[in-house]
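I have placed the structure first, in the form of structure tokens, so that the comments after it can refer back to it.
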Amino acid sequence: DVEKFFIDEGKSGNSRLGFAVFYLLSVIYRRTCDRQKLQSLITLGATRFEDDIEFKLIYLSCYEFCNPLGKSHAELLEDASVLCSQFPDRPSCLNVYAHIVATLLEDDVEVDAADFDMAFRLIDRAIGLDSSYSKYRVTRARLTALKGDMKKAYIDFDKAVSLLHTTSLEYPKHLADIEAARLRADFLSSNNRITDRASKEIDNVKASVSSNVEIVGLFSAVLSVVFTISSITAHSELNFFELAFLACSMFGLLITVFAVFSLISGRDDKMCRR
């Protein structure tokens, strides 16, 4: 019945009432995780409310759930940036930009450092304008966790929980959303630590293998020199000790070349870390 009413109101041209029904339906479809109906709703809404700031906020806020308009990450950030420029004192506009950046990073999408810094500035401003809304705290906590500072992130998560109204019918859902965001932040942080440690171990193995190969190479060079001395001794006027001195000199030259090469290539730094 509500869907039929939305369509009928669209035909009658009552845009404000039609948008109110659109917003109600978008909330219902998100709560019930009905992706298909939400996609159809937003596609239809775009034909009626494309220039409406509230429509843009709804679309940008739920883009990670569905993206029926097929906008790229850059286009989404551009739309959010335009909203922030037009309404710099509206916390919901500032939050949506930070929310998009956090979601992209959590999905392992590359984001420019400038966009990441901008997201922090905007969410800080949003909290300054409205410090009583828990969702803004959650957004900042997600960004802070992505930055690697879990201690500060936990502070914002805890603050977000404290801002919820325990008597509200929405309390269980909002609490579950906050805890889900906290668990995701914990997982991503742990995963990053494991990845960093694995990367260091791989570097250590590479350095060790490289060093062993170089040692084997030097040993092979020494053996080559020894066999050469043995071969030359039988046909040379120089005695064995003189040829041995020459071989040691050649070996010292090889060591010197190797040391210079190691300094230039930075392999000695790898060995120090290992």
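Each chain in the structure tokens gets a letter, A, B and so on, in the order shown; residues start at 1 in every chain, and ligands are counted from 1 in the order they appear.
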If we count only C-alpha atoms, what is near A:Asp158 at a cut-off of 10 Å, once residues fewer than 6 positions away on the same chain are taken out, given as a PyMOL selection string?
chain A and resi 134+137-138+141+178-179+182
For stretch 114-120 of chain A, list every protein, DNA or RNA residue within 10 Å, evaluated using only C-alpha atoms, and leave out those in the same chain fewer than 3 positions away; present the list as a PyMOL selection string.
chain A and resi 77+81+94-102+105+111+123-126+139-140+143-144+146-147
Report as an MDAnalysis selection string all protein, DNA and RNA residues lying within 12 Å of A:Gly148, evaluated on only C-alpha atoms, omitting residues in the same chain fewer than 4 positions from it.
chainID A and resid 141:144 152:154 185:193
Let's have the selection written as a PDB file, in the first residue's frame, with C-alpha atoms.
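result_1.pdb, written as the output of this step:
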```pdb
ATOM      1  CA  ALA A 141      36.029   5.668  15.320  1.00  0.00           C
ATOM      2  CA  ARG A 142      36.135   3.739  12.027  1.00  0.00           C
ATOM      3  CA  LEU A 143      38.491   6.300  10.486  1.00  0.00           C
ATOM      4  CA  THR A 144      40.699   6.332  13.576  1.00  0.00           C
ATOM      5  CA  LYS A 152      41.315   6.359  20.381  1.00  0.00           C
ATOM      6  CA  ALA A 153      38.895   4.391  18.232  1.00  0.00           C
ATOM      7  CA  TYR A 154      37.626   2.492  21.296  1.00  0.00           C
ATOM      8  CA  ALA A 185      37.595  -2.424  13.064  1.00  0.00           C
ATOM      9  CA  ASP A 186      39.209  -5.028  15.345  1.00  0.00           C
ATOM     10  CA  PHE A 187      39.374  -7.537  12.511  1.00  0.00           C
ATOM     11  CA  LEU A 188      40.891  -5.077  10.030  1.00  0.00           C
ATOM     12  CA  SER A 189      43.430  -3.888  12.597  1.00  0.00           C
ATOM     13  CA  SER A 190      44.492  -7.466  13.410  1.00  0.00           C
ATOM     14  CA  ASN A 191      44.631  -8.354   9.739  1.00  0.00           C
ATOM     15  CA  ASN A 192      46.867  -5.342   9.019  1.00  0.00           C
ATOM     16  CA  ARG A 193      49.237  -6.323  11.839  1.00  0.00           C
TER      17      ARG A 193
END
```
With distances taken over only C-alpha atoms, which of A:Ala145, A:Leu175, A:Glu110, A:Tyr59 is nearest to A:Ala74?
A:Glu110
